[in-house]
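Engineer: One file is attached below, target07.txt, containing compact mmCIF, C-alpha atoms.
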# COMPACT_ATOMS: atom_id res chain seq x y z
CA MET A 252 -30.84 19.75 55.16
CA SER A 253 -28.38 19.29 52.38
CA VAL A 254 -29.21 20.56 48.94
CA LEU A 255 -27.47 18.90 46.01
CA ASP A 256 -25.81 21.24 43.57
CA PRO A 257 -27.59 21.28 40.18
CA ARG A 258 -24.88 19.35 38.38
CA ARG A 259 -24.86 16.58 40.93
CA ARG A 260 -28.64 16.49 40.96
CA ARG A 261 -28.78 16.07 37.21
CA ARG A 262 -26.32 13.22 37.43
CA THR A 263 -28.35 11.61 40.20
CA THR A 264 -31.48 11.93 38.05
CA LEU A 265 -29.80 10.09 35.19
CA ILE A 266 -28.52 7.29 37.43
CA LEU A 267 -31.97 6.93 39.01
CA LEU A 268 -33.59 6.67 35.56
CA LEU A 269 -31.11 4.11 34.33
CA LEU A 270 -31.49 1.94 37.40
CA THR A 271 -35.30 2.10 37.34
CA SER A 272 -35.42 1.28 33.62
CA ILE A 273 -33.08 -1.67 34.01
CA THR A 274 -35.17 -2.91 36.95
CA LEU A 275 -38.32 -2.66 34.81
CA LEU A 276 -36.67 -4.54 31.97
CA SER A 277 -35.53 -7.36 34.21
CA LEU A 278 -38.93 -7.59 35.92
CA ASP A 279 -40.57 -7.81 32.50
CA TYR A 280 -38.21 -10.58 31.42
CA GLN A 281 -39.07 -12.53 34.54
CA GLY A 282 -42.77 -12.21 33.72
CA PHE A 283 -43.50 -10.08 36.80
CA ARG A 284 -47.28 -10.37 37.01
CA PRO A 285 -48.08 -6.94 38.53
CA LEU A 286 -46.44 -5.36 35.50
CA ASN A 287 -48.85 -7.28 33.25
CA GLN A 288 -51.73 -6.10 35.40
CA VAL A 289 -50.58 -2.49 34.97
CA GLN A 290 -50.42 -3.14 31.23
CA SER A 291 -53.96 -4.53 31.16
CA ALA A 292 -55.27 -1.65 33.27
CA ALA A 293 -53.63 0.98 31.06
CA ARG A 294 -55.08 -0.60 27.95
CA SER A 295 -58.53 -0.86 29.44
CA ILE A 296 -58.43 2.91 29.96
CA VAL A 297 -56.86 3.98 26.68
CA ASP A 298 -58.26 1.42 24.22
CA PRO A 299 -61.87 2.68 24.50
CA LEU A 300 -60.56 6.19 23.84
CA THR A 301 -58.69 5.08 20.75
CA ASN A 302 -61.77 3.19 19.53
CA SER A 303 -64.03 6.20 20.00
CA SER A 304 -61.52 8.51 18.36
CA ASP A 305 -61.79 6.38 15.21
CA SER A 306 -64.91 8.22 14.09
CA ILE A 307 -63.02 11.51 14.20
CA THR A 308 -59.76 10.32 12.72
CA SER A 309 -60.93 7.80 10.13
CA PRO A 310 -61.91 10.39 7.50
CA ILE A 311 -58.41 11.84 7.71
CA THR A 312 -56.64 8.49 7.63
CA ASN A 313 -58.89 7.18 4.87
CA ALA A 314 -58.19 10.25 2.76
CA TRP A 315 -54.46 9.85 3.35
CA ARG A 316 -54.50 6.17 2.50
CA SER A 317 -56.56 6.65 -0.64
CA PHE A 318 -54.09 9.36 -1.68
CA THR A 319 -50.97 7.31 -0.98
CA GLU A 320 -52.17 3.76 -1.63
CA PHE A 321 -54.76 4.15 -4.39
CA GLU A 322 -53.03 1.90 -6.91
CA ASP A 323 -52.22 -0.70 -4.29
CA LEU A 324 -55.84 -0.75 -3.18
CA GLU A 325 -57.07 -1.26 -6.73
CA ASP A 326 -54.69 -4.18 -7.23
CA GLU A 327 -55.65 -5.63 -3.88
CA ASN A 328 -59.32 -5.34 -4.72
CA ALA A 329 -58.86 -7.25 -7.95
CA ARG A 330 -56.78 -9.89 -6.22
CA LEU A 331 -59.40 -10.31 -3.49
CA ARG A 332 -62.17 -10.79 -6.07
CA GLU A 333 -60.18 -13.57 -7.70
CA GLU A 334 -59.44 -15.16 -4.35
CA LEU A 335 -63.09 -15.01 -3.33
CA ALA A 336 -64.15 -16.86 -6.46
CA GLU A 337 -61.47 -19.48 -5.87
CA LEU A 338 -62.42 -19.88 -2.22
CA GLN A 339 -66.08 -20.36 -3.06
CA GLY A 340 -65.08 -23.27 -5.27
CA ASN A 341 -62.69 -24.66 -2.68
CA ALA A 342 -65.32 -24.45 0.06
CA ILE A 343 -67.50 -26.96 -1.75
CA GLN A 344 -64.59 -29.35 -2.24
CA ALA A 345 -63.41 -28.84 1.33
CA SER A 346 -66.78 -29.73 2.75
CA ALA A 347 -66.69 -33.10 1.06
CA ALA A 348 -63.04 -33.64 1.93
CA GLU A 349 -63.65 -32.78 5.58
CA ASP A 350 -66.17 -35.59 5.91
CA SER A 351 -63.69 -38.05 4.45
CA LEU A 352 -60.88 -36.77 6.66
CA ARG A 353 -62.99 -37.01 9.81
CA ALA A 354 -63.88 -40.59 9.02
CA LEU A 355 -60.27 -41.49 8.24
CA LEU A 356 -58.88 -39.91 11.43
CA GLU A 357 -61.47 -41.61 13.57
CA GLU A 358 -60.40 -44.90 12.07
CA ILE A 359 -56.74 -44.39 12.97
CA ASP A 360 -57.64 -42.98 16.38
CA ILE A 361 -56.45 -39.39 16.00
CA ASP A 362 -58.54 -36.61 17.53
CA TYR A 363 -60.20 -34.55 14.88
CA ILE A 364 -59.76 -30.85 15.50
CA GLY A 365 -62.20 -29.58 12.90
CA GLY A 366 -65.01 -29.34 15.43
CA ALA A 367 -62.99 -27.60 18.18
CA ASP A 368 -64.26 -24.30 19.51
CA THR A 369 -62.61 -21.26 18.00
CA VAL A 370 -62.52 -17.55 18.55
CA VAL A 371 -61.81 -14.99 15.86
CA GLY A 372 -59.51 -12.14 16.78
CA GLN A 373 -58.77 -8.94 14.94
CA VAL A 374 -55.12 -8.06 14.50
CA ILE A 375 -54.30 -4.82 16.28
CA ASP A 376 -52.26 -2.56 14.05
CA ARG A 377 -49.64 -1.07 16.31
CA PRO A 378 -47.56 1.76 14.89
CA GLY A 379 -44.27 -0.05 15.26
CA ASN A 380 -41.87 0.79 12.48
CA PHE A 381 -39.64 -2.18 13.08
CA GLU A 382 -40.51 -5.67 11.91
CA SER A 383 -41.81 -8.19 14.40
CA TYR A 384 -42.25 -11.93 14.47
CA THR A 385 -45.42 -11.47 16.47
CA ILE A 386 -48.86 -9.98 16.06
CA GLU A 387 -51.27 -8.78 18.68
CA ILE A 388 -54.96 -9.66 18.63
CA ASP A 389 -57.93 -8.27 20.50
CA ARG A 390 -58.85 -11.54 22.19
CA GLY A 391 -57.47 -12.73 25.50
CA ARG A 392 -58.09 -14.74 28.62
CA ASP A 393 -61.62 -13.36 28.89
CA ASP A 394 -62.42 -14.98 25.54
CA GLY A 395 -60.98 -18.34 26.48
CA VAL A 396 -57.59 -17.87 24.85
CA LEU A 397 -54.72 -19.64 26.59
CA ARG A 398 -51.00 -19.70 26.02
CA GLY A 399 -49.98 -22.32 23.45
CA MET A 400 -53.20 -22.34 21.44
CA PRO A 401 -52.75 -22.50 17.66
CA ALA A 402 -53.67 -19.54 15.47
CA VAL A 403 -54.95 -20.16 11.95
CA THR A 404 -56.57 -18.38 9.04
CA SER A 405 -58.84 -20.00 6.48
CA ALA A 406 -55.66 -20.77 4.53
CA GLY A 407 -53.78 -22.54 7.30
CA LEU A 408 -51.63 -22.32 10.41
CA VAL A 409 -50.04 -18.96 11.18
CA GLY A 410 -48.55 -19.43 14.63
CA ARG A 411 -49.16 -19.95 18.29
CA VAL A 412 -50.33 -17.82 21.22
CA THR A 413 -47.32 -16.94 23.36
CA GLU A 414 -48.63 -14.25 25.71
CA VAL A 415 -52.12 -13.80 27.07
CA GLN A 416 -53.63 -10.88 28.94
CA ASP A 417 -57.28 -10.40 29.88
CA SER A 418 -58.39 -8.76 26.65
CA PHE A 419 -55.54 -9.24 24.21
CA SER A 420 -52.89 -11.77 23.25
CA GLN A 421 -49.68 -12.10 21.35
CA VAL A 422 -49.31 -14.63 18.56
CA ARG A 423 -45.83 -15.72 17.50
CA LEU A 424 -45.74 -16.37 13.75
CA LEU A 425 -44.33 -19.41 11.98
CA HIS A 426 -41.57 -17.53 10.20
CA GLN A 427 -39.72 -16.63 13.39
CA PRO A 428 -36.24 -18.15 13.15
CA GLU A 429 -35.99 -21.41 15.04
CA PHE A 430 -39.76 -21.55 15.61
CA PRO A 431 -40.18 -25.33 15.93
CA LEU A 432 -43.08 -26.99 14.18
CA GLY A 433 -43.78 -30.71 13.87
CA ILE A 434 -44.95 -31.41 10.33
CA ARG A 435 -46.12 -34.33 8.25
CA VAL A 436 -45.85 -34.54 4.48
CA VAL A 437 -49.24 -35.63 3.20
CA GLY A 438 -49.11 -38.83 1.22
CA THR A 439 -45.78 -40.00 2.66
CA GLY A 440 -46.61 -40.05 6.36
CA GLU A 441 -43.09 -38.67 6.94
CA VAL A 442 -42.86 -36.67 10.16
CA ALA A 443 -40.15 -34.04 10.80
CA LEU A 444 -39.37 -30.80 12.57
CA ALA A 445 -39.56 -27.62 10.50
CA ARG A 446 -38.13 -24.29 11.64
CA GLY A 447 -38.79 -20.69 10.61
CA GLN A 448 -36.11 -18.75 8.72
CA GLY A 449 -37.31 -15.17 8.95
CA ILE A 450 -39.94 -12.88 7.46
CA GLY A 451 -40.99 -13.92 3.96
CA GLN A 452 -38.79 -17.02 4.08
CA ASP A 453 -39.91 -20.62 3.78
CA LEU A 454 -39.74 -22.99 6.74
CA VAL A 455 -36.91 -25.48 6.50
CA VAL A 456 -36.60 -29.11 7.56
CA LYS A 457 -32.92 -29.95 7.89
CA GLU A 458 -33.05 -33.42 9.30
CA GLY A 459 -35.30 -36.39 9.71
CA ILE A 460 -36.26 -36.99 6.06
CA ILE A 461 -34.27 -39.96 4.86
CA GLU A 462 -32.94 -40.34 1.33
CA GLU A 463 -35.41 -43.00 0.31
CA THR A 464 -38.53 -40.95 1.04
CA VAL A 465 -40.11 -39.67 -2.14
CA ILE A 466 -41.03 -36.01 -1.66
CA LYS A 467 -41.91 -33.69 -4.50
CA VAL A 468 -42.24 -29.95 -4.84
CA GLY A 469 -45.91 -29.14 -4.39
CA ASP A 470 -46.61 -31.86 -1.83
CA GLN A 471 -48.86 -30.65 0.96
CA VAL A 472 -47.65 -30.29 4.54
CA VAL A 473 -49.79 -30.43 7.67
CA THR A 474 -49.06 -30.44 11.40
CA SER A 475 -47.89 -33.84 12.60
CA GLY A 476 -49.95 -33.97 15.77
CA ILE A 477 -47.69 -36.64 17.22
CA GLU A 478 -47.72 -37.11 20.96
CA GLY A 479 -46.30 -34.09 22.77
CA SER A 480 -46.66 -31.84 19.73
CA SER A 481 -47.73 -28.28 20.43
CA TYR A 482 -50.34 -28.46 17.67
CA PRO A 483 -53.32 -30.59 16.88
CA PRO A 484 -52.92 -32.88 13.89
CA ASP A 485 -53.64 -32.01 10.28
CA LEU A 486 -53.70 -28.25 10.37
CA VAL A 487 -52.65 -27.08 6.93
CA VAL A 488 -49.15 -25.55 7.03
CA GLY A 489 -48.08 -25.17 3.42
CA VAL A 490 -46.57 -26.86 0.40
CA ILE A 491 -43.09 -28.18 -0.34
CA SER A 492 -41.23 -25.50 -2.28
CA ALA A 493 -37.81 -27.12 -2.59
CA VAL A 494 -36.17 -30.49 -1.98
CA GLU A 495 -32.41 -30.85 -1.70
CA PHE A 496 -30.21 -33.77 -0.78
CA ASP A 497 -27.60 -33.32 1.95
CA SER A 498 -24.85 -35.75 0.94
CA ARG A 499 -23.07 -35.31 4.28
CA LEU A 500 -26.03 -36.38 6.41
CA LEU A 501 -27.57 -38.57 3.70
CA GLU A 502 -30.85 -36.85 4.34
CA GLN A 503 -33.13 -34.57 2.40
CA GLU A 504 -33.49 -30.90 3.26
CA ILE A 505 -36.92 -29.59 2.37
CA SER A 506 -38.40 -26.10 2.29
CA VAL A 507 -42.03 -25.49 3.13
CA ARG A 508 -43.85 -22.40 1.92
CA PRO A 509 -46.63 -21.45 4.35
CA ILE A 510 -49.98 -21.09 2.60
CA ALA A 511 -51.26 -18.41 4.97
CA ASP A 512 -50.01 -14.91 4.19
CA LEU A 513 -48.11 -14.14 7.37
CA GLN A 514 -47.33 -10.56 6.41
CA ASP A 515 -50.81 -9.21 5.85
CA LEU A 516 -52.97 -10.65 8.59
CA ARG A 517 -56.14 -8.81 9.53
CA PHE A 518 -58.01 -11.55 11.40
CA VAL A 519 -56.86 -14.84 12.86
CA THR A 520 -58.80 -17.69 14.39
CA ILE A 521 -57.60 -19.12 17.67
CA ILE A 522 -58.39 -22.81 18.09
CA LEU A 523 -59.31 -23.30 21.73
CA TRP A 524 -57.08 -26.34 22.07
CA THR A 525 -53.98 -26.89 24.16
CA VAL A 526 -51.52 -29.73 24.17
CA ASP A 527 -52.39 -30.78 27.72
CA GLY A 528 -56.09 -30.71 27.00
CA GLU A 529 -56.68 -27.58 29.08
CA SER A 530 -59.71 -25.83 27.70
CA ALA A 531 -61.15 -22.40 27.92
CA PRO A 532 -63.10 -21.56 31.08
CA MET B 22 -51.15 25.87 40.63
CA ARG B 23 -49.30 22.58 40.38
CA SER B 24 -52.48 20.65 39.55
CA ALA B 25 -53.13 22.73 36.42
CA TRP B 26 -49.57 22.12 35.28
CA SER B 27 -49.85 18.39 35.91
CA LEU B 28 -53.19 18.24 34.13
CA ARG B 29 -51.68 19.81 31.02
CA VAL B 30 -48.89 17.24 31.00
CA VAL B 31 -51.34 14.34 31.39
CA VAL B 32 -53.69 15.69 28.69
CA ILE B 33 -50.87 16.19 26.19
CA ALA B 34 -49.34 12.79 26.93
CA LEU B 35 -52.71 11.07 26.54
CA LEU B 36 -53.56 12.86 23.28
CA VAL B 37 -50.18 12.12 21.74
CA LEU B 38 -50.42 8.51 22.88
CA ILE B 39 -53.88 8.08 21.32
CA PHE B 40 -52.70 9.74 18.12
CA HIS B 41 -49.66 7.49 18.04
CA LEU B 42 -51.65 4.32 18.59
CA ASP B 43 -54.67 5.10 16.47
CA VAL B 44 -53.71 7.51 13.71
CA SER B 45 -49.97 7.10 13.10
CA PRO B 46 -50.23 3.55 11.73
CA ASP B 47 -52.48 4.86 8.93
CA LEU B 48 -50.46 7.96 8.13
CA ARG B 49 -47.25 6.40 6.93
CA ILE B 50 -44.79 8.17 4.71
CA ALA B 51 -42.62 5.82 2.63
CA GLY B 52 -43.93 3.05 4.87
CA VAL B 53 -42.74 4.78 8.04
CA ALA B 54 -45.07 5.97 10.79
CA ALA B 55 -44.26 9.14 12.71
CA GLU B 56 -42.56 8.70 16.07
CA LEU B 57 -44.35 11.56 17.77
CA PRO B 58 -43.81 10.41 21.38
CA LEU B 59 -40.05 10.48 20.85
CA GLY B 60 -40.23 13.94 19.28
CA LEU B 61 -42.40 15.24 22.10
CA VAL B 62 -40.00 13.97 24.75
CA ILE B 63 -37.09 15.78 23.10
CA ALA B 64 -39.17 18.94 22.77
CA ALA B 65 -40.18 18.59 26.43
CA GLY B 66 -36.52 18.40 27.41
CA LEU B 67 -35.61 21.37 25.23
CA ALA B 68 -38.43 23.46 26.68
CA GLY B 69 -38.42 22.22 30.26
CA GLY B 70 -34.85 21.43 31.21
CA VAL B 71 -32.95 18.40 32.42
CA GLU B 72 -35.13 17.08 35.22
CA ARG B 73 -38.49 17.72 33.61
CA GLY B 74 -37.24 16.25 30.34
CA ALA B 75 -35.84 13.18 32.09
CA TYR B 76 -38.86 12.43 34.28
CA PHE B 77 -41.38 13.17 31.54
CA GLY B 78 -39.37 11.04 29.10
CA PHE B 79 -39.17 8.14 31.52
CA LEU B 80 -42.85 8.18 32.49
CA PHE B 81 -44.11 8.76 28.96
CA GLY B 82 -41.79 6.06 27.63
CA PHE B 83 -43.11 3.67 30.26
CA ALA B 84 -46.70 4.56 29.28
CA VAL B 85 -45.97 3.88 25.59
CA ASP B 86 -44.23 0.62 26.52
CA LEU B 87 -47.47 -0.65 28.02
CA PHE B 88 -49.10 -0.72 24.59
CA PHE B 89 -46.51 -2.87 22.88
CA PHE B 90 -45.09 -6.33 23.34
CA THR B 91 -41.54 -5.01 23.16
CA PRO B 92 -39.77 -5.24 26.53
CA ILE B 93 -41.36 -2.95 29.12
CA GLY B 94 -38.78 -0.41 30.19
CA LEU B 95 -37.06 -0.16 26.80
CA ARG B 96 -38.76 3.07 25.75
CA ALA B 97 -38.71 4.33 29.34
CA LEU B 98 -34.93 4.00 29.29
CA ILE B 99 -34.40 5.61 25.89
CA PHE B 100 -36.98 8.38 26.28
CA GLY B 101 -35.69 9.20 29.78
CA VAL B 102 -32.10 9.52 28.64
CA LEU B 103 -33.10 11.56 25.58
CA GLY B 104 -35.25 13.91 27.68
CA TRP B 105 -32.34 14.28 30.07
CA ALA B 106 -29.90 14.99 27.23
CA ALA B 107 -32.28 17.43 25.52
CA GLY B 108 -32.59 19.28 28.83
CA HIS B 109 -28.90 20.11 28.65
CA LEU B 110 -29.50 21.81 25.32
CA PHE B 111 -32.18 23.85 27.08
CA MET B 112 -29.46 25.25 29.27
CA ASP B 113 -27.69 26.43 26.15
CA ARG B 114 -30.97 28.06 25.02
CA ILE B 115 -30.67 26.13 21.81
CA GLU B 116 -34.42 25.82 21.47
CA GLU B 117 -34.83 29.56 20.97
CA SER B 118 -34.04 29.03 17.29
CA PRO B 119 -36.70 27.03 15.42
CA VAL B 120 -34.12 25.73 12.96
CA VAL B 121 -31.78 24.54 15.67
CA ALA B 122 -34.69 23.04 17.57
CA ALA B 123 -35.72 21.17 14.41
CA LEU B 124 -32.19 19.87 14.01
CA ALA B 125 -32.07 18.85 17.66
CA ILE B 126 -35.39 17.01 17.46
CA GLY B 127 -34.47 15.34 14.17
CA ALA B 128 -31.05 14.26 15.43
CA GLY B 129 -32.49 13.18 18.78
CA THR B 130 -35.11 11.07 17.01
CA ALA B 131 -32.39 9.40 14.93
CA ILE B 132 -30.32 8.68 18.04
CA GLY B 133 -33.35 7.42 19.95
CA MET B 134 -34.53 5.10 17.20
CA THR B 135 -31.05 3.73 16.56
CA ALA B 136 -30.69 3.09 20.28
CA PHE B 137 -34.14 1.48 20.38
CA ALA B 138 -33.22 -0.87 17.53
CA GLY B 139 -29.77 -1.61 18.96
CA ILE B 140 -30.90 -2.32 22.52
CA GLY B 141 -33.97 -4.19 21.25
CA ILE B 142 -31.80 -6.51 19.13
CA THR B 143 -29.48 -7.04 22.09
CA LEU B 144 -32.48 -7.97 24.23
CA GLY B 145 -33.68 -10.54 21.71
CA GLU B 146 -35.93 -8.59 19.33
CA THR B 147 -34.11 -10.12 16.37
CA ALA B 148 -36.94 -9.23 13.97
CA PHE B 149 -35.62 -5.65 14.07
CA LEU B 150 -32.68 -6.90 11.98
CA GLU B 151 -35.08 -7.62 9.13
CA SER B 152 -36.28 -4.01 9.09
CA PRO B 153 -34.90 -1.33 6.78
CA ILE B 154 -33.43 0.43 9.82
CA THR B 155 -31.64 3.21 7.93
CA ARG B 156 -34.76 4.19 5.98
CA ILE B 157 -36.96 4.07 9.09
CA VAL B 158 -34.56 6.22 11.12
CA LEU B 159 -34.11 8.76 8.33
CA VAL B 160 -37.80 9.18 7.49
CA ALA B 161 -38.97 9.26 11.12
CA SER B 162 -36.28 11.84 11.98
CA LEU B 163 -37.29 13.96 9.04
CA ILE B 164 -40.97 13.83 10.00
CA ASN B 165 -40.19 14.85 13.57
CA ALA B 166 -37.89 17.65 12.39
CA VAL B 167 -40.68 19.01 10.18
CA LEU B 168 -43.15 18.79 13.07
CA SER B 169 -40.71 20.35 15.53
CA VAL B 170 -42.38 23.77 15.53
CA ALA B 171 -45.68 22.24 16.65
CA MET B 172 -43.92 20.00 19.16
CA MET B 173 -42.03 22.93 20.69
CA TRP B 174 -45.23 24.93 20.93
CA ILE B 175 -46.97 22.05 22.68
CA ALA B 176 -44.01 21.52 25.02
CA HIS B 177 -43.95 25.22 25.96
CA TRP B 178 -47.67 25.17 26.64
CA MET B 179 -47.29 21.95 28.62
CA TRP B 180 -44.64 23.39 30.91
CA ALA B 181 -46.10 26.89 30.73
CA VAL B 182 -42.65 28.43 30.57
CA ASP B 183 -40.80 30.60 28.14
CA PRO B 184 -37.45 29.46 26.75
CA LEU B 185 -35.57 31.12 29.59
CA GLY B 186 -37.55 29.33 32.22
CA GLN B 187 -39.75 32.24 33.25
CA LYS B 188 -43.37 31.45 33.89
CA ARG B 189 -45.45 32.47 30.93
CA PHE B 190 -48.86 31.82 32.39
CA VAL B 191 -50.12 32.41 35.85
CA THR B 192 -50.52 28.91 37.25
The structure given in the file should be rewritten as structure tokens.

Structural biologist:
Amino acid sequence: MSVLDPRRRRRTTLILLLLTSITLLSLDYQGFRPLNQVQSAARSIVDPLTNSSDSITSPITNAWRSFTEFEDLEDENARLREELAELQGNAIQASAAEDSLRALLEEIDIDYIGGADTVVGQVIDRPGNFESYTIEIDRGRDDGVLRGMPAVTSAGLVGRVTEVQDSFSQVRLLHQPEFPLGIRVVGTGEVALARGQGIGQDLVVKEGIIEETVIKVGDQVVTSGIEGSSYPPDLVVGVISAVEFDSRLLEQEISVRPIADLQDLRFVTIILWTVDGESAP
Amino acid sequence: MRSAWSLRVVVIALLVLIFHLDVSPDLRIAGVAAELPLGLVIAAGLAGGVERGAYFGFLFGFAVDLFFFTPIGLRALIFGVLGWAAGHLFMDRIEESPVVAALAIGAGTAIGMTAFAGIGITLGETAFLESPITRIVLVASLINAVLSVAMMWIAHWMWAVDPLGQKRFVT
């Protein structure tokens, strides 16, 4: 029996670790299913423990937050009161507008998504310090969520489900650079492809809007819903925040500010709709 | 008994994991949450040596990876290498001094987080580029350095050894 000398053994340990880690990374990139199953199993064990520990830890965390974020919370409270009042008014208008929209869409033979089944998911606050273009929610395959389904808030579209496990999913947000989104400018019927530009940045449409099209700052933007689009039609996206003319391409470049606050999401609604018509089990 | 030793490691890892997932997000300092798992891995290497540090780092990193949508294996890689590196400091008995241990844990945290951001960006986590990386690394390192005394105590209890590698408890 040969016994490695300590120095050689330490080196072997490091090489073994590096190789195993690289193997794990490449398996993960290839979507190796057993790894996802391990992930689901681990969460099903630990998540109940974290939930039950809330009752012990919440007094501590609440005290800390009230100490460190008191002024922010007061401002947020005031802002939320204002928003609530505004939303109550909008809800009445929206109800009437929805009826008109449904009738109009039926006339031009576009599926109306307003009545689609939905599931509300709570955003899981993971302690990551680095920014992310994705959020995680506590709804998954077991709740009927499938890859590709749109995620919205009451304000509008926020993104699309990109990963689904049994009890949780990942939603990729609109502001991710190069996130493609088919849009339509309300009132013009102009359809184009918008792309994300990063956290806190507006979406940008660089091509497809010809010079003659009249687009103004403040115009509303919804999903195009054209054939093959990853989204159902007429989900609210945002408003036009800037219009510039590209003299080289003879086209207009427009910026779209998403209405939904993508940086402070607590709950999102998943519309149980997929592009190929696959529905939840 | 090996089982008692293993049980301690599992219990500590589980408690730190739960704390990290459930409490850390709400206890931010200057917007930065503590990176306790990273600190514990370095402390485990300092208190337990090269192989224990490396294997504990790898397995604990893998366990933490399972709770995030960042690439699985990223933390396993970084934690494993840091545990391995910290184990070499154990051989120099560096952890016998609380101040030096604090410096080692703080510096190790900075190296680990910089590596995490760097490798993550290379692997396609481009959102990391929009983070205030310098601030995050500095604050997280400082937090871990301040908590180093507790982390070293936990690591010693976990391995049940004294700094020179002698068994402290009958196991």

Engineer: Which distance in Å separates CA of Gly469 (chain A) and CA of Glu495 (chain A), to one decimal?

Structural biologist: 13.9 Å

Engineer: So which one's closest to chain B, A:Arg316, A:Arg332, A:Arg435, A:Arg284? Using only C-alpha atoms, please.

Structural biologist: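 Smallest separation from chain B among the options: A:Arg316.
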
Engineer: Return as lines of an AutoDock Vina configuration file the centre and edge lengths, in Å with one decimal, of the box along x, y and z that encloses every atom of region 159-175 of chain B in the file, padded by 5 Å per side.

Structural biologist:
center_x = -40.5
center_y = 16.8
center_z = 15.1
size_x = 22.9
size_y = 26.2
size_z = 25.2

Engineer: Residues at most 8 Å from Phe77 (chain B), counting only C-alpha atoms, excluding those fewer than 5 positions away in the same chain, as a list of chain:residue names?

Structural biologist: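 Near Phe77 (chain B), the qualifying residues are B:Val62, B:Ala65, B:Gly101, B:Gly104.
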
Engineer: Just want the 6 Å neighbourhood of Ala402 (chain A), counted on all atoms listed in the file, with same-chain residues fewer than 2 positions away dropped. Output as number ranges by chain.

Structural biologist: A: 409-411, 520-521

Engineer: Return region 150-163 of chain B, completed with N, CA and C atoms, as a compact mmCIF listing (two decimals), keeping the file's coordinate frame.

Structural biologist:
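Writing done, so here's out.txt:
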# COMPACT_ATOMS: atom_id res chain seq x y z
N LEU B 150 -33.76 -6.78 12.98
CA LEU B 150 -32.68 -6.90 11.98
C LEU B 150 -33.23 -7.03 10.57
N GLU B 151 -34.48 -7.45 10.45
CA GLU B 151 -35.08 -7.62 9.13
C GLU B 151 -35.75 -6.33 8.65
N SER B 152 -35.65 -5.29 9.46
CA SER B 152 -36.28 -4.01 9.09
C SER B 152 -35.28 -3.14 8.33
N PRO B 153 -35.80 -2.28 7.43
CA PRO B 153 -34.90 -1.33 6.78
C PRO B 153 -34.57 -0.20 7.76
N ILE B 154 -33.67 -0.48 8.68
CA ILE B 154 -33.43 0.43 9.82
C ILE B 154 -33.02 1.83 9.35
N THR B 155 -32.13 1.89 8.37
CA THR B 155 -31.64 3.21 7.93
C THR B 155 -32.79 4.06 7.39
N ARG B 156 -33.63 3.45 6.56
CA ARG B 156 -34.76 4.19 5.98
C ARG B 156 -35.72 4.65 7.09
N ILE B 157 -36.02 3.75 8.01
CA ILE B 157 -36.96 4.07 9.09
C ILE B 157 -36.43 5.24 9.91
N VAL B 158 -35.15 5.16 10.27
CA VAL B 158 -34.56 6.22 11.12
C VAL B 158 -34.55 7.55 10.38
N LEU B 159 -34.19 7.51 9.10
CA LEU B 159 -34.11 8.76 8.33
C LEU B 159 -35.49 9.41 8.17
N VAL B 160 -36.47 8.61 7.75
CA VAL B 160 -37.80 9.18 7.49
C VAL B 160 -38.44 9.66 8.79
N ALA B 161 -38.35 8.86 9.85
CA ALA B 161 -38.97 9.26 11.12
C ALA B 161 -38.31 10.53 11.67
N SER B 162 -36.99 10.64 11.50
CA SER B 162 -36.28 11.84 11.98
C SER B 162 -36.72 13.06 11.19
N LEU B 163 -36.87 12.85 9.90
CA LEU B 163 -37.29 13.96 9.04
C LEU B 163 -38.71 14.44 9.41
